[in-house]
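Source file: final09.cif; contents: mmCIF, C-alpha atoms.
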```
data_input
loop_
_atom_site.label_atom_id
_atom_site.label_comp_id
_atom_site.auth_asym_id
_atom_site.auth_seq_id
_atom_site.Cartn_x
_atom_site.Cartn_y
_atom_site.Cartn_z
CA MET J 1 0.53 10.36 -32.78
CA ARG J 2 0.77 6.73 -31.62
CA ARG J 3 4.54 6.87 -31.95
CA LEU J 4 4.67 9.98 -29.72
CA ILE J 5 2.51 8.31 -27.06
CA SER J 6 4.63 5.14 -27.18
CA LEU J 7 7.86 7.14 -26.82
CA THR J 8 6.42 9.13 -23.91
CA VAL J 9 5.33 5.97 -22.08
CA LEU J 10 8.75 4.40 -22.70
CA ALA J 11 10.56 7.51 -21.38
CA ILE J 12 8.45 7.52 -18.20
CA ALA J 13 8.98 3.79 -17.68
CA LEU J 14 12.74 4.24 -17.90
CA ALA J 15 12.81 7.36 -15.70
CA VAL J 16 10.86 5.96 -12.72
CA PRO J 17 13.48 3.39 -11.59
CA ALA J 18 16.27 5.96 -11.95
CA VAL J 19 14.41 8.48 -9.79
CA GLY J 20 13.67 5.82 -7.16
CA TYR J 21 17.31 4.80 -7.12
CA ALA J 22 18.39 8.41 -6.64
CA VAL J 23 15.91 8.97 -3.79
CA VAL J 24 17.22 6.07 -1.72
CA GLY J 25 20.83 7.03 -2.24
CA GLY J 26 21.77 4.16 -4.56
CA GLY J 27 25.50 4.62 -4.00
CA SER J 28 28.11 2.14 -5.12
CA ASP J 29 29.37 1.90 -1.54
CA ASP J 30 26.08 0.47 -0.20
CA GLY J 31 25.98 -2.90 1.51
CA THR J 32 23.02 -5.23 1.99
CA LEU J 33 21.62 -7.27 4.86
CA SER J 34 18.88 -9.88 4.68
CA VAL J 35 17.37 -11.73 7.66
CA LYS J 36 14.93 -14.63 7.23
CA GLY J 37 12.82 -16.20 9.97
CA GLY J 38 14.79 -14.55 12.74
CA VAL J 39 14.20 -15.16 16.44
CA GLY J 40 16.06 -12.84 18.80
CA ARG J 41 17.21 -9.26 18.26
CA VAL J 42 18.35 -7.43 15.13
CA PHE J 43 19.55 -3.82 15.30
CA ILE J 44 20.68 -1.70 12.35
CA SER J 45 22.09 1.79 12.23
CA ILE J 46 21.77 2.64 8.57
CA THR J 47 21.85 5.46 6.10
CA GLY J 48 19.76 3.96 3.35
CA SER J 49 16.53 1.98 3.25
CA ALA J 50 15.04 -0.99 5.05
CA VAL J 51 11.80 -2.96 4.87
CA GLY J 52 10.68 -5.83 7.02
CA ARG J 53 8.10 -7.63 9.08
CA LEU J 54 7.76 -9.23 12.49
CA GLY J 55 5.39 -11.94 13.76
CA LYS J 56 5.59 -11.31 17.52
CA GLY J 57 7.55 -8.73 19.51
CA TYR J 58 8.33 -5.12 18.71
CA ILE J 59 9.94 -2.86 16.15
CA ARG J 60 11.49 0.43 17.30
CA ILE J 61 12.57 3.04 14.76
CA THR J 62 14.37 6.29 15.51
CA ASP J 63 14.69 8.88 12.76
CA PRO J 64 17.38 11.33 13.97
CA ASN J 65 16.80 13.67 11.00
CA PRO J 66 13.21 13.63 9.69
CA ASN J 67 14.26 15.85 6.75
CA ASP J 68 16.82 13.49 5.16
CA GLY J 69 14.58 10.86 3.58
CA LEU J 70 11.03 9.74 3.01
CA GLY J 71 10.58 8.71 6.65
CA PHE J 72 9.19 5.47 8.03
CA GLU J 73 5.80 3.78 8.24
CA PHE J 74 4.27 0.88 10.17
CA SER J 75 1.25 -1.30 9.50
CA GLY J 76 -0.47 -4.01 11.54
CA CYS J 77 0.57 -2.75 14.99
CA ASP J 78 -1.35 -4.06 18.00
CA ALA J 79 0.01 -1.11 20.02
CA THR J 80 2.08 1.93 19.07
CA THR J 81 4.13 4.21 21.32
CA ASP J 82 5.30 7.52 19.89
CA LYS J 83 8.18 9.18 21.70
CA SER J 84 8.17 12.42 19.73
CA SER J 85 10.87 13.99 21.91
CA THR J 86 13.36 11.48 20.47
CA SER J 87 11.74 10.92 17.03
CA THR J 88 11.19 7.29 18.04
CA THR J 89 8.16 5.10 17.43
CA ILE J 90 7.64 1.59 18.82
CA CYS J 91 5.22 -0.80 17.14
CA GLN J 92 4.24 -3.92 19.09
CA SER J 93 2.71 -7.21 17.99
CA ASP J 94 1.27 -9.81 20.33
CA GLY J 95 1.52 -12.46 17.62
CA LYS J 96 -2.23 -13.08 17.62
CA GLY J 97 -3.21 -10.54 14.97
CA SER J 98 -1.71 -9.52 11.69
CA VAL J 99 1.99 -9.40 10.96
CA VAL J 100 3.64 -6.04 11.73
CA ARG J 101 5.33 -4.47 8.72
CA PHE J 102 7.57 -1.43 8.34
CA ARG J 103 9.52 0.53 5.80
CA ALA J 104 12.14 3.24 6.30
CA ILE J 105 13.25 4.85 3.06
CA GLY J 106 16.22 6.99 2.08
CA GLY J 107 17.57 8.43 5.34
CA LYS J 108 19.44 7.76 8.56
CA TYR J 109 17.57 5.31 10.83
CA LEU J 110 18.15 3.29 13.99
CA ILE J 111 15.97 0.18 13.76
CA THR J 112 15.50 -2.59 16.34
CA LEU J 113 13.44 -5.72 15.73
CA LYS J 114 13.05 -7.99 18.74
CA GLY J 115 10.93 -11.12 18.85
CA SER J 116 10.13 -13.90 16.41
CA GLY J 117 9.29 -14.06 12.74
CA ILE J 118 11.83 -11.37 11.83
CA PHE J 119 12.26 -10.73 8.12
CA LEU J 120 14.42 -7.79 7.06
CA SER J 121 15.95 -6.42 3.87
CA ALA J 122 18.26 -3.41 4.15
CA VAL J 123 20.55 -1.55 1.76
CA GLY J 124 22.87 1.28 2.72
CA ASN J 125 25.81 2.15 4.93
CA GLY J 126 26.21 1.62 8.66
CA TYR J 127 26.31 -1.39 10.90
CA ALA J 128 24.11 -4.14 12.29
CA THR J 129 24.17 -6.14 15.50
CA LEU J 130 22.62 -9.59 15.46
CA ASN J 131 21.76 -11.76 18.43
CA GLY J 132 19.80 -14.92 17.68
CA ALA J 133 17.91 -16.74 20.41
CA GLY J 134 20.09 -19.82 19.95
CA GLU J 135 19.17 -23.14 18.48
CA ASP J 136 19.61 -26.77 19.32
CA PRO J 137 19.20 -29.20 16.40
CA ASN J 138 18.00 -31.86 18.88
CA ILE J 139 15.12 -29.72 20.19
CA PRO J 140 12.33 -28.90 17.73
CA GLY J 141 11.32 -25.25 17.58
CA THR J 142 14.69 -23.76 18.53
CA TYR J 143 15.54 -22.53 15.02
CA ASP J 144 16.65 -18.89 15.25
CA GLY J 145 16.75 -17.92 11.55
CA THR J 146 19.40 -16.95 9.03
CA TYR J 147 21.12 -13.85 7.68
CA SER J 148 23.11 -12.87 4.59
CA ILE J 149 25.43 -9.92 4.15
CA ASN J 150 26.16 -8.46 0.68
CA ASP J 151 24.34 -11.30 -1.10
CA GLY J 152 26.62 -13.90 0.48
CA PRO J 153 25.49 -17.33 1.64
CA TYR J 154 22.88 -17.47 4.42
CA LYS J 155 24.21 -18.34 7.89
CA SER J 156 22.49 -19.06 11.19
CA LEU J 157 21.93 -15.98 13.32
CA PRO J 158 24.76 -15.79 15.87
CA ASP J 159 23.87 -16.99 19.38
CA ASP J 160 25.87 -14.12 20.93
CA LEU J 161 25.93 -10.43 20.03
CA HIS J 162 27.70 -10.03 16.69
CA THR J 163 28.39 -6.75 14.83
CA LEU J 164 28.57 -6.46 11.03
CA THR J 165 29.52 -3.53 8.83
CA LEU J 166 27.03 -2.54 6.13
CA ALA J 167 29.13 -1.42 3.17
CA ALA J 168 29.95 -2.62 -0.29
CA PRO J 169 32.24 -5.63 -0.33
CA THR J 170 35.92 -4.87 -0.89
CA GLY J 171 37.72 -6.13 -3.94
CA GLY J 172 36.57 -6.61 -7.48
#
```

Have the structure of the file written as structure tokens, please.
Amino acid sequence: MRRLISLTVLAIALAVPAVGYAVVGGGSDDGTLSVKGGVGRVFISITGSAVGRLGKGYIRITDPNPNDGLGFEFSGCDATTDKSSTSTTICQSDGKGSVVRFRAIGGKYLITLKGSGIFLSAVGNGYATLNGAGEDPNIPGTYDGTYSINDGPYKSLPDDLHTLTLAAPTGG
């Protein structure tokens, strides 16, 4: 009896990650984007999944097809605007309360984070546009954060609008 229970628990433990991977699309052509401590604007158009947080500013998410994934959720919003006619929700933070968090899982999403304290992890296909607030090493407090694409080295957010493709890296 103990052996049967142990085998059942083991089978469930192995099945859960596989199911989660299948739900989010887990394709071999997925790319990744990570943003740490961003100040400025980050936009992603992605078929996949994204999670993140923001200290001050707003997060806007549009879900063009609410039936293609698990949807999106916010927490910690100081104010929320729901534009149901466009399947868009805006979550605002004044920076005085809790950190705003979001997740958008397994579908097509248009996500904009604008403000400071931007942290984002995304996996899927699509593109991103990055526009850091700029930084001057001689002036304290002008750090605009870093980003990494496909697990590459972290770089400073670009000071001008810069577009990146989210896809698996080419080559072996």

Could you list the residues chosen by the PyMOL selection byres ((chain J and resi 82) around 12) in this structure as an mmCIF file with C-alpha atoms, in the coordinates of the input?
```cif
data_model
loop_
_atom_site.group_PDB
_atom_site.id
_atom_site.type_symbol
_atom_site.label_atom_id
_atom_site.label_comp_id
_atom_site.auth_asym_id
_atom_site.auth_seq_id
_atom_site.Cartn_x
_atom_site.Cartn_y
_atom_site.Cartn_z
ATOM 1 C CA ILE J 59 9.940 -2.860 16.150
ATOM 2 C CA ARG J 60 11.490 0.430 17.300
ATOM 3 C CA ILE J 61 12.570 3.040 14.760
ATOM 4 C CA THR J 62 14.370 6.290 15.510
ATOM 5 C CA ASP J 63 14.690 8.880 12.760
ATOM 6 C CA PHE J 74 4.270 0.880 10.170
ATOM 7 C CA ALA J 79 0.010 -1.110 20.020
ATOM 8 C CA THR J 80 2.080 1.930 19.070
ATOM 9 C CA THR J 81 4.130 4.210 21.320
ATOM 10 C CA LYS J 83 8.180 9.180 21.700
ATOM 11 C CA SER J 84 8.170 12.420 19.730
ATOM 12 C CA SER J 85 10.870 13.990 21.910
ATOM 13 C CA THR J 86 13.360 11.480 20.470
ATOM 14 C CA SER J 87 11.740 10.920 17.030
ATOM 15 C CA THR J 88 11.190 7.290 18.040
ATOM 16 C CA THR J 89 8.160 5.100 17.430
ATOM 17 C CA ILE J 90 7.640 1.590 18.820
ATOM 18 C CA CYS J 91 5.220 -0.800 17.140
ATOM 19 C CA GLN J 92 4.240 -3.920 19.090
#
```

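Across the structure, CA of Val35 in chain J and CA of Thr112 in chain J are spaced 12.7 Å apart.
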
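Take the candidates J:Gly117, J:Arg101, J:Gly134, J:Pro66 and check each one against Asp160 in chain J using only C-alpha atoms; the shortest distance goes to J:Gly134.
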
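For the choices J:Gly76, J:Ser34, J:Ile111, J:Gly124, the atom-to-atom distance to Lys155 in chain J is smallest for J:Ser34 when using all atoms listed in the file.
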
Legend entry - Result set, the PyMOL selection byres ((chain J and resi 105) around 7) on current file, as a PyMOL selection string: chain J and resi 24+48-50+69-72+103-104+106-107

Inset, instruction - Kindly extract all protein, DNA and RNA residues lying within 7 Å of the coordinates (2.9, -5.8, 11.0) given in the file, considering only C-alpha atoms, and supply them as a PyMOL selection string. - result: chain J and resi 53-54+74-77+98-102

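What the PyMOL selection byres ((chain J and resi 154) around 12) grabs from this file is Leu33, Ser34, Val35, Lys36, Gly37, Gly38, Gly145, Thr146, Tyr147, Ser148, Ile149, Asn150, Asp151, Gly152, Pro153, Lys155, Ser156, Leu157 and Pro158 of chain J.
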
Inset, instruction - Please measure the separation of CA of Asp30 in chain J and CA of Ala167 in chain J, giving the value in Å to one decimal. - result: 4.9 Å

Inset, instruction - Between CA of Pro64 in chain J and CA of Gly132 in chain J, measure the distance and give it in Å to one decimal. - result: 26.6 Å

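If you measure from each of J:Asp144, J:Thr163, J:Tyr127, J:Phe119 to Val51 in chain J using only C-alpha atoms, the closest one turns out to be J:Phe119.
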
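Each of J:Val39, J:Leu166, J:Leu113, J:Leu161 was checked against Ala128 in chain J using only C-alpha atoms; the smallest atom-to-atom distance is that of J:Leu166.
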
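Closest to Leu110 in chain J among J:Arg41, J:Ser28, J:Gly55, J:Ile46 is J:Ile46, based on all atoms listed in the file.
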